[in-house]
Each structure stands twice: as C-alpha cells, then as structure tokens.
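Data block for input.cif (mmCIF, C-alpha atoms and all ligand atoms):
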data_data
loop_
_atom_site.group_PDB
_atom_site.id
_atom_site.type_symbol
_atom_site.label_atom_id
_atom_site.label_comp_id
_atom_site.auth_asym_id
_atom_site.auth_seq_id
_atom_site.Cartn_x
_atom_site.Cartn_y
_atom_site.Cartn_z
ATOM 1 C CA ARG A 1 4.406 4.531 -19.914
ATOM 2 C CA CYS A 2 2.512 6.198 -17.125
ATOM 3 C CA GLY A 3 0.301 4.652 -14.484
ATOM 4 C CA LEU A 4 -1.767 5.541 -11.458
ATOM 5 C CA VAL A 5 -0.666 3.536 -8.427
ATOM 6 C CA ALA A 6 -2.884 3.421 -5.332
ATOM 7 C CA LEU A 7 -1.186 2.704 -2.018
ATOM 8 C CA VAL A 8 -3.446 1.196 0.590
ATOM 9 C CA GLY A 9 -3.003 -0.283 4.031
ATOM 10 C CA ARG A 10 -4.268 0.056 7.566
ATOM 11 C CA PRO A 11 -2.720 2.696 9.836
ATOM 12 C CA ASN A 12 0.798 1.907 11.087
ATOM 13 C CA VAL A 13 1.847 -0.503 8.341
ATOM 14 C CA GLY A 14 4.556 2.016 7.437
ATOM 15 C CA LYS A 15 2.950 3.708 4.455
ATOM 16 C CA THR A 16 4.326 7.176 5.197
ATOM 17 C CA THR A 17 7.850 5.905 5.782
ATOM 18 C CA LEU A 18 7.760 3.894 2.551
ATOM 19 C CA MET A 19 6.359 6.825 0.606
ATOM 20 C CA ASN A 20 9.040 9.199 1.804
ATOM 21 C CA ARG A 21 11.695 6.686 0.782
ATOM 22 C CA LEU A 22 10.186 6.173 -2.652
ATOM 23 C CA LEU A 23 9.872 9.881 -3.272
ATOM 24 C CA GLY A 24 13.217 10.670 -1.729
ATOM 25 C CA GLU A 25 11.917 13.509 0.397
ATOM 26 C CA LYS A 26 9.503 14.276 3.180
ATOM 27 C CA LEU A 27 6.310 14.717 1.255
ATOM 28 C CA ALA A 28 3.597 12.360 2.333
ATOM 29 C CA ALA A 29 3.324 13.459 5.942
ATOM 30 C CA THR A 30 3.010 17.139 5.138
ATOM 31 C CA THR A 31 0.272 16.819 2.528
ATOM 32 C CA ARG A 32 -2.061 14.917 4.831
ATOM 33 C CA LYS A 33 -5.619 16.150 4.650
ATOM 34 C CA PRO A 34 -7.907 13.210 5.319
ATOM 35 C CA HIS A 35 -11.353 12.657 3.880
ATOM 36 C CA THR A 36 -11.558 15.770 1.760
ATOM 37 C CA THR A 37 -10.742 14.548 -1.715
ATOM 38 C CA ARG A 38 -11.205 11.451 -3.824
ATOM 39 C CA HIS A 39 -7.464 11.090 -4.348
ATOM 40 C CA ARG A 40 -4.388 12.534 -2.809
ATOM 41 C CA ILE A 41 -1.515 12.604 -5.219
ATOM 42 C CA LEU A 42 1.530 11.930 -3.085
ATOM 43 C CA GLY A 43 4.167 12.233 -5.750
ATOM 44 C CA ILE A 44 5.589 10.811 -8.941
ATOM 45 C CA VAL A 45 8.330 8.208 -9.273
ATOM 46 C CA THR A 46 10.145 8.434 -12.599
ATOM 47 C CA GLN A 47 12.389 5.678 -13.915
ATOM 48 C CA GLY A 48 13.578 5.501 -17.474
ATOM 49 C CA ALA A 49 10.597 6.317 -19.673
ATOM 50 C CA ASP A 50 8.109 5.276 -16.989
ATOM 51 C CA GLN A 51 6.193 7.445 -14.590
ATOM 52 C CA MET A 52 4.276 6.120 -11.622
ATOM 53 C CA VAL A 53 1.835 8.522 -10.038
ATOM 54 C CA LEU A 54 1.407 7.487 -6.407
ATOM 55 C CA MET A 55 -1.922 8.191 -4.795
ATOM 56 C CA ASP A 56 -3.597 7.714 -1.479
ATOM 57 C CA THR A 57 -7.290 6.936 -1.013
ATOM 58 C CA PRO A 58 -8.771 8.845 1.923
ATOM 59 C CA GLY A 59 -11.102 6.781 4.085
ATOM 60 C CA ILE A 60 -9.693 3.389 3.106
ATOM 61 C CA ASP A 61 -8.473 2.663 6.610
ATOM 62 C CA VAL A 62 -11.693 3.594 8.381
ATOM 63 C CA GLU A 63 -13.764 0.816 9.926
ATOM 64 C CA PRO A 64 -17.277 0.916 8.457
ATOM 65 C CA ARG A 65 -19.265 1.155 11.683
ATOM 66 C CA LYS A 66 -21.133 4.413 11.294
ATOM 67 C CA ARG A 67 -23.271 5.466 8.377
ATOM 68 C CA MET A 68 -20.821 8.263 7.612
ATOM 69 C CA ASN A 69 -18.078 5.678 7.370
ATOM 70 C CA GLN A 70 -20.092 3.558 4.969
ATOM 71 C CA LEU A 71 -20.190 6.536 2.664
ATOM 72 C CA LEU A 72 -16.434 6.966 3.039
ATOM 73 C CA THR A 73 -15.994 3.282 2.277
ATOM 74 C CA ARG A 74 -17.963 3.606 -0.953
ATOM 75 C CA THR A 75 -15.910 6.638 -1.939
ATOM 76 C CA ALA A 76 -12.684 4.780 -1.158
ATOM 77 C CA VAL A 77 -13.707 1.784 -3.263
ATOM 78 C CA SER A 78 -14.672 3.922 -6.238
ATOM 79 C CA ALA A 79 -11.437 5.926 -5.913
ATOM 80 C CA LEU A 80 -9.492 2.658 -5.881
ATOM 81 C CA GLY A 81 -11.271 1.785 -9.106
ATOM 82 C CA ASP A 82 -9.340 4.578 -10.834
ATOM 83 C CA ALA A 83 -5.986 2.934 -10.114
ATOM 84 C CA ASP A 84 -4.097 0.997 -12.769
ATOM 85 C CA ILE A 85 -2.551 -1.032 -10.000
ATOM 86 C CA VAL A 86 -2.974 -1.198 -6.229
ATOM 87 C CA CYS A 87 -0.179 -1.729 -3.723
ATOM 88 C CA PHE A 88 -1.669 -3.408 -0.681
ATOM 89 C CA ILE A 89 0.790 -2.775 2.137
ATOM 90 C CA VAL A 90 0.898 -5.093 5.143
ATOM 91 C CA GLU A 91 3.388 -5.690 7.952
ATOM 92 C CA ALA A 92 5.527 -8.811 7.865
ATOM 93 C CA LEU A 93 4.002 -11.576 10.004
ATOM 94 C CA ARG A 94 0.999 -9.508 11.021
ATOM 95 C CA PHE A 95 -2.481 -9.573 9.504
ATOM 96 C CA ASP A 96 -5.293 -8.255 11.662
ATOM 97 C CA ALA A 97 -8.889 -7.009 11.377
ATOM 98 C CA GLY A 98 -7.692 -3.698 9.925
ATOM 99 C CA ASP A 99 -5.888 -5.539 7.127
ATOM 100 C CA GLU A 100 -8.973 -7.719 6.542
ATOM 101 C CA HIS A 101 -11.032 -4.579 6.103
ATOM 102 C CA VAL A 102 -8.654 -3.123 3.514
ATOM 103 C CA LEU A 103 -8.552 -6.495 1.723
ATOM 104 C CA LYS A 104 -12.354 -6.409 1.417
ATOM 105 C CA LEU A 105 -12.186 -2.965 -0.189
ATOM 106 C CA LEU A 106 -9.465 -4.179 -2.531
ATOM 107 C CA ARG A 107 -11.631 -7.121 -3.593
ATOM 108 C CA ALA A 108 -14.609 -4.799 -4.116
ATOM 109 C CA SER A 109 -12.502 -2.544 -6.348
ATOM 110 C CA GLY A 110 -11.761 -5.321 -8.826
ATOM 111 C CA ARG A 111 -8.303 -3.849 -9.483
ATOM 112 C CA PRO A 112 -5.090 -5.855 -9.882
ATOM 113 C CA ALA A 113 -2.779 -5.653 -6.878
ATOM 114 C CA LEU A 114 0.712 -6.258 -5.607
ATOM 115 C CA LEU A 115 1.126 -7.369 -2.016
ATOM 116 C CA VAL A 116 3.826 -5.294 -0.330
ATOM 117 C CA VAL A 117 5.137 -6.984 2.801
ATOM 118 C CA ASN A 118 6.786 -4.162 4.734
ATOM 119 C CA LYS A 119 9.123 -4.094 7.760
ATOM 120 C CA VAL A 120 10.987 -7.276 6.798
ATOM 121 C CA ASP A 121 14.017 -5.834 8.638
ATOM 122 C CA ARG A 122 12.256 -6.990 11.811
ATOM 123 C CA VAL A 123 12.128 -10.604 10.676
ATOM 124 C CA GLY A 124 15.239 -12.427 11.853
ATOM 125 C CA ASP A 125 14.434 -15.838 10.434
ATOM 126 C CA LYS A 126 13.290 -15.207 6.832
ATOM 127 C CA SER A 127 11.847 -18.718 6.523
ATOM 128 C CA ALA A 128 9.135 -17.572 8.947
ATOM 129 C CA LEU A 129 7.814 -15.397 6.110
ATOM 130 C CA LEU A 130 6.857 -18.357 3.944
ATOM 131 C CA PRO A 131 3.709 -19.530 5.788
ATOM 132 C CA PHE A 132 2.643 -15.890 6.110
ATOM 133 C CA LEU A 133 2.968 -15.365 2.348
ATOM 134 C CA GLU A 134 1.172 -18.632 1.597
ATOM 135 C CA ALA A 135 -1.754 -17.559 3.777
ATOM 136 C CA ARG A 136 -1.981 -14.196 1.995
ATOM 137 C CA ALA A 137 -1.876 -15.858 -1.436
ATOM 138 C CA GLN A 138 -4.979 -17.880 -0.473
ATOM 139 C CA GLU A 139 -6.917 -14.655 0.098
ATOM 140 C CA PHE A 140 -6.367 -12.828 -3.188
ATOM 141 C CA ASP A 141 -4.846 -13.487 -6.590
ATOM 142 C CA TYR A 142 -1.971 -10.997 -6.297
ATOM 143 C CA LEU A 143 0.073 -10.083 -9.372
ATOM 144 C CA GLY A 144 3.120 -10.487 -7.182
ATOM 145 C CA VAL A 145 4.487 -10.234 -3.679
ATOM 146 C CA VAL A 146 7.232 -7.784 -2.722
ATOM 147 C CA PRO A 147 8.913 -8.099 0.689
ATOM 148 C CA LEU A 148 10.751 -4.884 1.605
ATOM 149 C CA SER A 149 11.649 -2.441 4.329
ATOM 150 C CA GLY A 150 10.731 1.219 4.121
ATOM 151 C CA ARG A 151 13.031 1.854 7.057
ATOM 152 C CA THR A 152 16.228 0.338 5.646
ATOM 153 C CA GLY A 153 15.302 0.791 1.989
ATOM 154 C CA GLN A 154 15.836 -2.928 1.387
ATOM 155 C CA ASN A 155 14.225 -4.058 -1.912
ATOM 156 C CA LEU A 156 12.570 -0.720 -2.740
ATOM 157 C CA GLN A 157 13.876 -1.185 -6.266
ATOM 158 C CA GLY A 158 12.118 -4.552 -6.332
ATOM 159 C CA LEU A 159 8.828 -2.750 -5.844
ATOM 160 C CA VAL A 160 9.565 -0.204 -8.571
ATOM 161 C CA ASP A 161 10.569 -3.027 -10.943
ATOM 162 C CA GLU A 162 7.327 -4.912 -10.275
ATOM 163 C CA LEU A 163 5.251 -1.765 -10.796
ATOM 164 C CA ARG A 164 6.980 -1.080 -14.114
ATOM 165 C CA ARG A 165 6.213 -4.619 -15.234
ATOM 166 C CA TYR A 166 2.501 -3.996 -14.879
ATOM 167 C CA LEU A 167 2.180 -0.377 -16.013
HETATM 168 P P1 LIG B 1 1.572 4.648 8.444
HETATM 169 O O1 LIG B 1 0.593 4.917 9.553
HETATM 170 O O2 LIG B 1 1.154 3.454 7.647
HETATM 171 O O3 LIG B 1 1.820 5.849 7.574
HETATM 172 O O4 LIG B 1 2.954 4.212 9.135
HETATM 173 P P2 LIG B 1 4.278 5.037 9.474
HETATM 174 O O5 LIG B 1 5.125 5.219 8.274
HETATM 175 O O6 LIG B 1 3.903 6.251 10.242
HETATM 176 O O7 LIG B 1 5.032 3.980 10.425
HETATM 177 C C1 LIG B 1 4.413 3.427 11.577
HETATM 178 C C2 LIG B 1 5.489 2.913 12.527
HETATM 179 O O8 LIG B 1 6.210 1.831 11.931
HETATM 180 C C3 LIG B 1 6.535 3.958 12.880
HETATM 181 O O9 LIG B 1 6.911 3.757 14.237
HETATM 182 C C4 LIG B 1 7.696 3.644 11.949
HETATM 183 O O10 LIG B 1 8.942 4.025 12.477
HETATM 184 C C5 LIG B 1 7.588 2.120 11.847
HETATM 185 N N1 LIG B 1 8.098 1.620 10.560
HETATM 186 C C6 LIG B 1 7.772 2.067 9.327
HETATM 187 N N2 LIG B 1 8.401 1.364 8.363
HETATM 188 C C7 LIG B 1 9.165 0.446 8.995
HETATM 189 C C8 LIG B 1 10.069 -0.582 8.543
HETATM 190 O O11 LIG B 1 10.313 -0.819 7.350
HETATM 191 N N3 LIG B 1 10.664 -1.332 9.519
HETATM 192 C C9 LIG B 1 10.444 -1.137 10.846
HETATM 193 N N4 LIG B 1 11.081 -1.931 11.721
HETATM 194 N N5 LIG B 1 9.594 -0.185 11.292
HETATM 195 C C10 LIG B 1 8.976 0.599 10.390
#
Please render this file's structure as structure tokens.
Ligand code: GDP
Amino acid sequence: RCGLVALVGRPNVGKTTLMNRLLGEKLAATTRKPHTTRHRILGIVTQGADQMVLMDTPGIDVEPRKRMNQLLTRTAVSALGDADIVCFIVEALRFDAGDEHVLKLLRASGRPALLVVNKVDRVGDKSALLPFLEARAQEFDYLGVVPLSGRTGQNLQGLVDELRRYL
C-alpha cells in the first residue's frame, strides 16, 4: 500500500524535528521553499510493503488577514484535499489561535486525520494529558490520537503503525 500523508501544524509545534526523526536524516529543513508549490514532498517512509509519502502544505500556517493570505488559505485547503490522511500536529498541553486556524483548514478539507500530540517529553505528570486530549476530541472526529516526542523519538513507531492502519 502507498498513501499520501499531509503533515500540518502551526509554526513551532516541532514539525521539522519530527520529520527529520521519521526520515532519519536532515531533510525537511533544507528543502524549505515556502509558498511556491502546492505540495512539498518531504520524504518517504517505507515499512514492510507500505510506503507513506510525507508532504507539507505551504501556506497552512499563515493567518488569513490579508487578501493574499486568503488565496494561500484556499490553496492550502485544496492541497490538503489531496491527502489520504492528515497528521495534525499540536504541542502537548498547548492549543492556541494558531492551532485553531489550522483546525479550521483541516475541517474545510474534509479529510480524515490523526491528532499528533508532540513534545510529551515535557509533560511530567502524564495524567495532565487526559483533559487536554478530551478537549481536542470534542473539536474533531479524529481517527486516532498519537502522543509522541520528536525530540526523544518516544512513540514514533506508534505514529507509523497508526498511519499504516489507515493507508
Ligand atoms: P516547526 O516550526 O514546527 O518546524 O518546529 P521545530 O521542529 O523547528 O521545533 C520548534 C522548537 O521546539 C525547537 O526549539 C525544538 O527544539 C523544539 N522541539 C521540537 N520537538 C520537540 C519535542 O519533541 N520535545 C521538546 N521538548 N521540544 C521539541
């Protein structure tokens, strides 16, 4: 099986770090070229007979204030529409206006999504995650929720397993 996986999230959620971990090399940061193409293919994760093509959607993290940005927003939503599955990346215990904006674009895309809760290495008391996850589950009907850490690599395989389930 092969699937197109879109990775979305506001700036600073740890997308680049996570990507480099998943791909096993420094790739994502060096191929940055914002707002020029519909998709940026970041790399391919192969496991068993499955291939997951990871892509970025330029413009997804831009606040839609200016007319130019509205155009970018439309492009981002239609690019998201090409994905078989979307990974919506957020930071553990933090959900702000930037995340709300990305969530709106995710809803508009109509695509199925996994919620990736990144940076869990920073959460000392894991029970604090529960109310956060419950709040997120009220906002969107996620296929699943994957808590992980791009920094430590904790539960990266959990994400790959979930993606393979829905390819
Ligand atoms: P991006 O803007 O979404 O691509 O985010 P980056 O990958 O550049 O990371 C933003 C900041 O968060 C950097 O200071 C990273 O070192 C930090 N960061 C990224 N992933 C993690 C993580 O899993 N745990 C912790 N504690 N920090 C992280």
Sel. within 12 Å of pt (-9.1, 8.1, -6.6), counting only C-alpha atoms, output as a VMD selection string: chain A and resid 4 to 8 35 to 42 53 to 60 74 to 86 109
Resolved residues for the PyMOL selection byres (((not hetatm)) within 6 of (chain B and resi 1)) as a ChimeraX atom specification: /A:11-17,118-119,121-122,149-151
Considering all atoms listed in the file, can you say which of A:Glu91, A:Asp161, A:Asp61, A:Glu134 comes closest to Leu105 of chain A?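 Closest candidate: A:Asp61.
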Measuring atom to atom with all atoms listed in the file, identify which of A:Val62, A:Leu167, A:Cys2, A:Leu156 is nearest to Asn20 of chain A. A:Leu156
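In terms of minimum interatomic distance to Ala113 of chain A, A:Cys87 ranks closest within A:Gln47, A:Arg65, A:Phe132, A:Cys87, counting only C-alpha atoms.
One finds atom CA of Ala108 of chain A at 16.5 Å from atom CA of Leu143 of chain A.
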Which polymer residues have any atom within 9 Å of an atom of Pro147 of chain A, counting only C-alpha atoms, with same-chain residues fewer than 4 positions away left out, as a list in words? Ala92, Leu115, Val116, Val117, Asn118, Lys119, Val120, Gln154, Asn155, Leu156, Gly158 and Leu159 of chain A
Find the distance between atom CA of Leu23 of chain A and atom CA of Val146 of chain A and write it in Å to one decimal. 17.9 Å
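Among the candidate residues A:Leu22, A:Leu114, A:Val123, A:Val90, the one lying nearest to Gly153 of chain A is A:Leu22, with distances computed using all atoms listed in the file.
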Which residue gives the smallest distance to Gly9 of chain A among A:Leu103, A:Ile44, A:Met52, A:Leu93, with all atoms listed in the file counted?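 Using all atoms listed in the file, Gly9 of chain A sits closest to A:Leu103.
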To one decimal place, how far is atom CA of Leu129 of chain A from atom CA of Ile89 of chain A in Å? 15.0 Å
Need to verify the contact set: Pro64 of chain A, 7 Å, only C-alpha atoms, exclusion of same-chain residues closer than 3 positions in sequence. Can you return it as a count of residues only? 3
